[in-house]
Every structure is written in structure tokens, then in C-alpha cells.
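Below: target-v1.txt (compact mmCIF, C-alpha atoms and all ligand atoms)
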# COMPACT_ATOMS: atom_id res chain seq x y z
CA MET N 3 -71.65 -76.07 -186.25
CA LEU N 4 -70.95 -79.17 -184.17
CA GLU N 5 -73.05 -79.52 -181.01
CA LEU N 6 -71.80 -81.96 -178.37
CA ARG N 7 -74.22 -83.11 -175.71
CA THR N 8 -75.06 -85.99 -173.43
CA LEU N 9 -77.36 -88.81 -174.57
CA ILE N 10 -81.04 -88.47 -173.65
CA ALA N 11 -83.93 -90.89 -174.14
CA ALA N 12 -85.13 -89.06 -177.26
CA ASP N 13 -81.78 -89.87 -178.96
CA LEU N 14 -81.93 -93.65 -178.50
CA VAL N 15 -83.31 -94.53 -181.93
CA ALA N 16 -80.85 -92.25 -183.72
CA VAL N 17 -77.78 -93.45 -181.84
CA GLN N 18 -78.64 -97.13 -182.22
CA SER N 19 -79.29 -96.62 -185.95
CA LEU N 20 -75.89 -94.95 -186.41
CA ASP N 21 -74.24 -97.69 -184.32
CA ALA N 22 -75.74 -100.32 -186.64
CA VAL N 23 -74.28 -98.47 -189.65
CA CYS N 24 -70.82 -97.97 -188.12
CA PHE N 25 -70.55 -101.51 -186.74
CA ALA N 26 -72.43 -103.51 -189.34
CA GLY N 27 -73.62 -106.74 -187.80
CA GLU N 28 -72.28 -105.87 -184.36
CA PRO N 29 -74.55 -103.20 -182.87
CA PHE N 30 -73.87 -102.64 -179.18
CA ALA N 31 -76.32 -104.19 -176.70
CA ALA N 32 -79.42 -101.99 -176.28
CA SER N 33 -79.11 -102.33 -172.51
CA TRP N 34 -75.89 -100.25 -172.56
CA TRP N 35 -77.64 -97.36 -174.30
CA GLN N 36 -80.41 -97.57 -171.70
CA LYS N 37 -77.84 -97.55 -168.88
CA ALA N 38 -76.17 -94.50 -170.40
CA THR N 39 -79.49 -92.68 -170.76
CA PHE N 40 -80.26 -93.11 -167.09
CA GLY N 41 -76.70 -92.74 -165.78
CA GLN N 42 -76.60 -96.29 -164.45
CA GLY N 43 -72.90 -97.18 -164.76
CA ALA N 44 -72.57 -95.78 -168.25
CA CYS N 45 -72.52 -92.44 -170.02
CA ALA N 46 -72.59 -91.33 -173.64
CA TRP N 47 -72.12 -88.15 -175.63
CA LEU N 48 -73.38 -87.35 -179.11
CA ALA N 49 -72.18 -84.95 -181.81
CA TRP N 50 -74.94 -83.25 -183.77
CA GLN N 51 -74.97 -80.92 -186.75
CA GLY N 52 -78.46 -79.49 -186.79
CA ASP N 53 -80.73 -82.52 -186.59
CA GLU N 54 -78.13 -84.87 -188.08
CA LEU N 55 -76.27 -87.21 -185.73
CA LEU N 56 -72.60 -87.28 -186.80
CA GLY N 57 -71.01 -89.29 -184.01
CA TYR N 58 -71.18 -90.75 -180.53
CA CYS N 59 -69.08 -92.21 -177.76
CA LEU N 60 -70.13 -94.57 -174.97
CA PHE N 61 -68.28 -95.23 -171.70
CA SER N 62 -68.90 -97.59 -168.80
CA ARG N 63 -67.95 -96.21 -165.42
CA VAL N 64 -67.00 -97.72 -162.06
CA LEU N 65 -65.92 -95.29 -159.32
CA ASP N 66 -62.88 -93.35 -160.63
CA GLU N 67 -62.36 -95.50 -163.76
CA ALA N 68 -64.14 -95.43 -167.09
CA GLU N 69 -63.84 -97.65 -170.17
CA LEU N 70 -64.46 -96.38 -173.68
CA LEU N 71 -66.83 -99.02 -175.08
CA ARG N 72 -67.67 -97.40 -178.42
CA ILE N 73 -66.80 -94.38 -180.48
CA ALA N 74 -67.84 -93.81 -184.06
CA THR N 75 -68.41 -91.14 -186.64
CA SER N 76 -70.92 -91.36 -189.46
CA PRO N 77 -68.99 -92.54 -192.58
CA ALA N 78 -69.70 -89.29 -194.48
CA ALA N 79 -68.38 -87.13 -191.63
CA ARG N 80 -65.09 -88.92 -190.93
CA GLN N 81 -61.68 -87.25 -190.79
CA GLN N 82 -63.15 -83.86 -189.94
CA GLY N 83 -62.37 -83.91 -186.21
CA VAL N 84 -65.73 -85.21 -184.94
CA ALA N 85 -64.36 -88.13 -182.90
CA ALA N 86 -61.49 -86.07 -181.48
CA ALA N 87 -63.96 -83.37 -180.38
CA LEU N 88 -66.25 -85.97 -178.82
CA LEU N 89 -63.40 -87.56 -176.91
CA GLN N 90 -62.16 -84.24 -175.60
CA HIS N 91 -65.68 -83.26 -174.51
CA ALA N 92 -66.33 -86.62 -172.83
CA GLU N 93 -62.97 -86.64 -171.06
CA THR N 94 -63.57 -83.19 -169.60
CA ALA N 95 -67.03 -84.22 -168.36
CA LEU N 96 -65.73 -87.48 -166.88
CA GLN N 97 -62.88 -85.68 -165.15
CA GLN N 98 -65.32 -83.19 -163.64
CA ALA N 99 -67.39 -86.14 -162.41
CA GLY N 100 -64.37 -87.61 -160.56
CA VAL N 101 -62.99 -90.08 -163.10
CA GLU N 102 -59.18 -90.32 -162.97
CA GLN N 103 -58.31 -93.21 -165.26
CA LEU N 104 -59.58 -94.23 -168.70
CA PHE N 105 -58.95 -97.40 -170.64
CA LEU N 106 -60.12 -99.12 -173.82
CA GLU N 107 -59.52 -102.14 -176.03
CA VAL N 108 -59.12 -101.85 -179.78
CA ARG N 109 -58.63 -104.34 -182.58
CA LEU N 110 -55.04 -104.66 -183.79
CA SER N 111 -56.27 -104.04 -187.36
CA ASN N 112 -58.17 -100.83 -186.49
CA LEU N 113 -55.45 -98.33 -187.39
CA PRO N 114 -57.73 -95.24 -187.73
CA ALA N 115 -58.96 -95.74 -184.16
CA GLN N 116 -55.44 -96.34 -182.82
CA ARG N 117 -54.26 -93.09 -184.46
CA LEU N 118 -57.23 -91.24 -183.00
CA TYR N 119 -56.36 -92.48 -179.50
CA ARG N 120 -52.64 -91.72 -179.79
CA ARG N 121 -53.39 -88.30 -181.22
CA THR N 122 -55.72 -87.47 -178.30
CA GLY N 123 -53.25 -88.43 -175.55
CA TRP N 124 -53.90 -92.12 -174.96
CA GLN N 125 -50.99 -94.58 -174.60
CA GLN N 126 -50.83 -98.27 -175.34
CA SER N 127 -50.48 -100.21 -172.07
CA GLY N 128 -50.94 -103.83 -173.07
CA ARG N 129 -52.12 -106.44 -175.54
CA ARG N 130 -54.58 -109.35 -175.26
CA LYS N 131 -53.75 -112.18 -177.63
CA ASP N 132 -56.57 -113.57 -179.81
CA TYR N 133 -59.14 -111.44 -178.01
CA TYR N 134 -61.49 -110.64 -180.89
CA PRO N 135 -63.17 -113.10 -183.27
CA LEU N 136 -62.54 -112.76 -187.01
CA ALA N 137 -64.41 -114.44 -189.87
CA ASP N 138 -61.45 -116.82 -190.23
CA GLY N 139 -59.66 -116.82 -186.88
CA ARG N 140 -58.96 -114.37 -184.08
CA GLU N 141 -57.11 -111.09 -183.64
CA ASP N 142 -55.32 -109.40 -180.76
CA ALA N 143 -56.68 -106.46 -178.78
CA LEU N 144 -54.47 -103.54 -177.86
CA ILE N 145 -55.18 -101.93 -174.51
CA PHE N 146 -54.85 -98.17 -174.24
CA CYS N 147 -55.09 -96.02 -171.14
CA ARG N 148 -55.14 -92.34 -170.26
CA ALA N 149 -54.88 -90.58 -166.93
CA LEU N 150 -57.13 -87.55 -166.52
C1 LIG N 201 -62.10 -94.24 -185.66
C2 LIG N 201 -63.16 -93.17 -185.97
C3 LIG N 201 -64.10 -93.07 -184.77
C4 LIG N 201 -62.44 -91.82 -186.17
O1 LIG N 201 -63.45 -90.82 -186.30
P1 LIG N 201 -63.18 -89.43 -187.06
O2 LIG N 201 -64.28 -88.51 -186.67
O3 LIG N 201 -62.98 -89.70 -188.50
O4 LIG N 201 -61.79 -88.98 -186.40
P2 LIG N 201 -61.18 -87.51 -186.38
O5 LIG N 201 -61.52 -86.81 -187.66
O6 LIG N 201 -61.57 -86.83 -185.11
O7 LIG N 201 -59.64 -87.82 -186.40
C5 LIG N 201 -58.82 -87.63 -185.28
C6 LIG N 201 -57.49 -88.31 -185.55
O8 LIG N 201 -57.67 -89.71 -185.72
C7 LIG N 201 -56.80 -90.21 -186.75
N1 LIG N 201 -57.62 -90.76 -187.83
C8 LIG N 201 -58.98 -90.70 -187.95
N2 LIG N 201 -59.37 -91.37 -189.05
C9 LIG N 201 -58.26 -91.87 -189.62
C10 LIG N 201 -58.01 -92.67 -190.79
N3 LIG N 201 -59.01 -93.12 -191.57
N4 LIG N 201 -56.73 -93.01 -191.06
C11 LIG N 201 -55.73 -92.60 -190.28
N5 LIG N 201 -55.88 -91.83 -189.17
C12 LIG N 201 -57.14 -91.48 -188.85
C13 LIG N 201 -55.98 -89.03 -187.23
O9 LIG N 201 -54.78 -89.01 -186.48
C14 LIG N 201 -56.84 -87.86 -186.85
O10 LIG N 201 -56.15 -86.70 -186.58
P3 LIG N 201 -55.54 -85.80 -187.76
O11 LIG N 201 -56.54 -85.83 -188.88
O12 LIG N 201 -55.38 -84.47 -187.15
O13 LIG N 201 -54.27 -86.49 -188.11
C15 LIG N 201 -63.95 -93.49 -187.28
O14 LIG N 201 -63.02 -93.86 -188.28
C16 LIG N 201 -64.99 -94.57 -187.13
O15 LIG N 201 -66.15 -94.31 -186.80
N6 LIG N 201 -64.60 -95.85 -187.37
C17 LIG N 201 -65.55 -96.97 -187.26
C18 LIG N 201 -65.88 -97.27 -185.82
C19 LIG N 201 -64.65 -97.67 -185.02
O16 LIG N 201 -63.83 -98.45 -185.45
N7 LIG N 201 -64.54 -97.14 -183.76
C20 LIG N 201 -63.43 -97.41 -182.87
C21 LIG N 201 -63.58 -98.66 -182.10
S1 LIG N 201 -64.91 -98.57 -180.90
Could you spell out this file's structure in C-alpha cells?
Amino acid sequence: MLELRTLIAADLVAVQSLDAVCFAGEPFAASWWQKATFGQGACAWLAWQGDELLGYCLFSRVLDEAELLRIATSPAARQQGVAAALLQHAETALQQAGVEQLFLEVRLSNLPAQRLYRRTGWQQSGRRKDYYPLADGREDALIFCRAL
């Protein structure tokens, strides 16, 4: 059974290891995981099955707005509803904490993530040209938002 819970210090090694797998070569800055652990402008939720970490999401937060910085599911556990469950859980918690507006940026080429966001109630609100680096050029970012 999937267990969804907030990030604690004891989870830091596991979540950073999974982040390194899911974003090979681009693990998120360790300082953000620290901030999320101590509730200093960031928050994160993890999805566990027993003692196996299946997924995570990380938000930054300023007043009534939050930005989804990262969401990922372990490659072997994808397309089984883990990310959708994490998002729903995180959005409920953020709403209860007074957040009213969510936003995120996603690579134009990341179609699985875009489908996840659309399927969970997010809407595209803009586009930033050449925002992300590629091995041989740059690619646009799509901006999505969601009112809670
Ligand atoms: C994007 C990602 C987080 C989705 O995680 P997941 O746990 O597999 O997603 P879910 O099983 O909850 O899927 C929810 C919805 O997303 C969409 N989706 C997820 N994976 C998809 C895929 N490979 N192709 C197409 N649609 C996909 C579907 O609409 C799905 O709903 P449905 O199956 O009912 O149609 C996962 O593919 C991942 O970790 N990717 C690498 C990291 C990443 O790019 N993160 C996003 C940027 S921070």
C-alpha cells in the first residue's frame, strides 16, 4: 500500500538518491532538500511502499503561492498513479496551509509530465522561449498554473 508523508531528515539520503536516478546528471541542489526538511520556504512529500521510496515532490513556497520544483517516480513504479497521488496529497496539504496558487515550469519535450499536470487539473498559462539548456541548443519551458 502506498504511504504518503512529508519529508523528514531521516529521508534525505533516500530522496536525494532517487532524485539522482530520476534526473541523471541534474540532481536538485541539496540546500532545497534541507529547506524542505526544516520548513524554510520549501516543502516536500514522499511516497513509500514499505521501506521502498517510490516517488517524491518538492515545492518552494512564498506566502500564498507555491512552485512545484520537482516531481518524480522511481522508473520501475511509473504509470501506476504514484505521481498523481503525490500531487493530490501535496495540493491538499498546501491548501490547508493557506496556499491559493500553484505554478510550475516544464520542458516542452517532457510529454509524460505535461499529461500528468493536465490530468490533475493544471492549465498551461505561458511559455518561456529557450529557457532550458539542451546538449545541442535550448528548449522552451511551458508554464502551468493551478488555483487551489
Ligand atoms: C512525469 C512522472 C513524474 C509521472 O509519474 P507517474 O507516477 O508515472 O505518473 P502517474 O502514474 O501518476 O500518471 C498520472 C498521469 O500522468 C500521465 N502520464 C504519466 N506517465 C506518462 C507517460 N509515460 N506517457 C504519457 N502520459 C503519462 C497520464 O495521463 C497519467 O494518467 P492516466 O494513466 O490515468 O492516463 C514520471 O514519468 C517521472 O518521474 N519522470 C521523470 C521526472 C520528470 O520528468 N518529472 C517532471 C519534471 S520535474
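Note that atom CA of Arg120 of chain N and atom C6 of ligand LIG 201 (chain N) are 8.3 Å apart.
Our summary of the geometry notes that atom C18 of ligand LIG 201 (chain N) is positioned 13.1 Å from atom CA of Val17 of chain N.
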Test item: which residues lie within 10 Å of (-61.2, -92.7, -158.4) counting all atoms listed in the file, as a short mmCIF file (atom, residue, chain, number, x, y, z; two decimals) with C-alpha atoms, in the coordinates of the input:
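The result, written out as point.cif:
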data_model
loop_
_atom_site.label_atom_id
_atom_site.label_comp_id
_atom_site.auth_asym_id
_atom_site.auth_seq_id
_atom_site.Cartn_x
_atom_site.Cartn_y
_atom_site.Cartn_z
CA VAL N 64 -67.00 -97.72 -162.06
CA LEU N 65 -65.92 -95.29 -159.32
CA ASP N 66 -62.88 -93.35 -160.63
CA GLU N 67 -62.36 -95.50 -163.76
CA ALA N 68 -64.14 -95.43 -167.09
CA GLN N 97 -62.88 -85.68 -165.15
CA ALA N 99 -67.39 -86.14 -162.41
CA GLY N 100 -64.37 -87.61 -160.56
CA VAL N 101 -62.99 -90.08 -163.10
CA GLU N 102 -59.18 -90.32 -162.97
CA GLN N 103 -58.31 -93.21 -165.26
#
Hey, which bits of chain N sit within 7 Å of ligand LIG 201 (chain N), and for each residue what's the closest pair of atoms and how far apart in Å (one decimal), counting all atoms listed in the file, rows by chain and increasing number, as a Markdown table?
| residue | atom | partner | partner_atom | distance |
| --- | --- | --- | --- | --- |
| N:Cys24 | CA | N:LIG201 | C17 | 5.4 |
| N:Phe25 | CA | N:LIG201 | C18 | 6.4 |
| N:Leu71 | CA | N:LIG201 | S1 | 6.1 |
| N:Arg72 | CA | N:LIG201 | S1 | 3.9 |
| N:Ile73 | CA | N:LIG201 | S1 | 4.6 |
| N:Ala74 | CA | N:LIG201 | O15 | 3.3 |
| N:Thr75 | CA | N:LIG201 | O15 | 3.9 |
| N:Ser76 | CA | N:LIG201 | O15 | 6.2 |
| N:Pro77 | CA | N:LIG201 | O15 | 6.7 |
| N:Ala79 | CA | N:LIG201 | O2 | 6.6 |
| N:Arg80 | CA | N:LIG201 | O3 | 3.3 |
| N:Gln81 | CA | N:LIG201 | O5 | 3.2 |
| N:Gln82 | CA | N:LIG201 | O5 | 4.1 |
| N:Gly83 | CA | N:LIG201 | O6 | 3.2 |
| N:Val84 | CA | N:LIG201 | O2 | 4.0 |
| N:Ala85 | CA | N:LIG201 | O6 | 3.8 |
| N:Ala86 | CA | N:LIG201 | O6 | 3.7 |
| N:Ala87 | CA | N:LIG201 | O6 | 6.3 |
| N:Val108 | CA | N:LIG201 | C21 | 6.0 |
| N:Asn112 | CA | N:LIG201 | O16 | 6.2 |
| N:Leu113 | CA | N:LIG201 | C11 | 6.4 |
| N:Pro114 | CA | N:LIG201 | C9 | 3.9 |
| N:Ala115 | CA | N:LIG201 | C1 | 3.8 |
| N:Arg117 | CA | N:LIG201 | C7 | 4.5 |
| N:Leu118 | CA | N:LIG201 | O8 | 3.2 |
| N:Tyr119 | CA | N:LIG201 | O8 | 6.9 |
| N:Arg121 | CA | N:LIG201 | O9 | 5.5 |
Inset, instruction - Find the residue from N:Met3, N:Cys147, N:Ala46, N:Val15 that sits nearest to Leu96 of chain N; use all atoms listed in the file when measuring. - result: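 Looking at the shortest contact to Leu96 of chain N, the residue is N:Ala46.
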Legend entry - Å distance separating atom CA of Asp53 of chain N from atom CA of His91 of chain N, one decimal place: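 That distance, rounded to one decimal, is 19.3 Å.
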Would you list the contacts of Arg130 of chain N as a tab-separated table (two decimals) with C-alpha atoms, keeping the file's coordinate frame, taking every protein, DNA or RNA residue within 10 Å and counting all atoms listed in the file, but skipping same-chain residues closer than 6 positions in sequence?
chain	number	residue	atom	x	y	z
N	107	GLU	CA	-59.52	-102.14	-176.03
N	108	VAL	CA	-59.12	-101.85	-179.78
N	109	ARG	CA	-58.63	-104.34	-182.58
N	110	LEU	CA	-55.04	-104.66	-183.79
N	141	GLU	CA	-57.11	-111.09	-183.64
N	142	ASP	CA	-55.32	-109.40	-180.76
N	143	ALA	CA	-56.68	-106.46	-178.78
N	144	LEU	CA	-54.47	-103.54	-177.86
N	145	ILE	CA	-55.18	-101.93	-174.51
Enclose the full set of atoms of segment 115-134 of chain N listed in the file within a box whose edges lie along x, y and z, apply 3 Å of padding to each of the six sides, and report centre and edge lengths in Å to one decimal as lines of an AutoDock Vina configuration file.
center_x = -56.0
center_y = -100.5
center_z = -178.3
size_x = 17.0
size_y = 32.1
size_z = 18.4
Inset, instruction - Find the residues near Thr8 of chain N: any atom within 12 Å, counting all atoms listed in the file, skip ones fewer than 2 places away on the same chain, and give them as a PyMOL selection string. - result: chain N and resi 5-6+10-14+17+35+38-41+44-50+57-61+88+91-92+95-96
Export of prior selection with C-alpha atoms as a tab-separated table (two decimals), keeping the file's coordinate frame:
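New file selection31.tsv:
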chain	number	residue	atom	x	y	z
N	5	GLU	CA	-73.05	-79.52	-181.01
N	6	LEU	CA	-71.80	-81.96	-178.37
N	10	ILE	CA	-81.04	-88.47	-173.65
N	11	ALA	CA	-83.93	-90.89	-174.14
N	12	ALA	CA	-85.13	-89.06	-177.26
N	13	ASP	CA	-81.78	-89.87	-178.96
N	14	LEU	CA	-81.93	-93.65	-178.50
N	17	VAL	CA	-77.78	-93.45	-181.84
N	35	TRP	CA	-77.64	-97.36	-174.30
N	38	ALA	CA	-76.17	-94.50	-170.40
N	39	THR	CA	-79.49	-92.68	-170.76
N	40	PHE	CA	-80.26	-93.11	-167.09
N	41	GLY	CA	-76.70	-92.74	-165.78
N	44	ALA	CA	-72.57	-95.78	-168.25
N	45	CYS	CA	-72.52	-92.44	-170.02
N	46	ALA	CA	-72.59	-91.33	-173.64
N	47	TRP	CA	-72.12	-88.15	-175.63
N	48	LEU	CA	-73.38	-87.35	-179.11
N	49	ALA	CA	-72.18	-84.95	-181.81
N	50	TRP	CA	-74.94	-83.25	-183.77
N	57	GLY	CA	-71.01	-89.29	-184.01
N	58	TYR	CA	-71.18	-90.75	-180.53
N	59	CYS	CA	-69.08	-92.21	-177.76
N	60	LEU	CA	-70.13	-94.57	-174.97
N	61	PHE	CA	-68.28	-95.23	-171.70
N	88	LEU	CA	-66.25	-85.97	-178.82
N	91	HIS	CA	-65.68	-83.26	-174.51
N	92	ALA	CA	-66.33	-86.62	-172.83
N	95	ALA	CA	-67.03	-84.22	-168.36
N	96	LEU	CA	-65.73	-87.48	-166.88
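For the set N:Gln42, N:Leu55, N:Asp138, N:Gln125, the residue with the smallest atom-to-atom gap to Ala16 of chain N is N:Leu55, counting all atoms listed in the file.
For the choices N:Glu93, N:Glu54, N:Asp132, N:Glu69, the atom-to-atom distance to Ser19 of chain N is smallest for N:Glu54 when using only C-alpha atoms.
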Legend entry - Using all atoms listed in the file: which of N:Ser111, N:Gln116, N:Ser62, N:Trp124 has the shortest distance to Leu136 of chain N: N:Ser111
Legend entry - Closest of N:Leu70, N:Arg129, N:Leu4, N:Leu150 to Gly52 of chain N - atom-to-atom distances counting only C-alpha atoms: N:Leu4
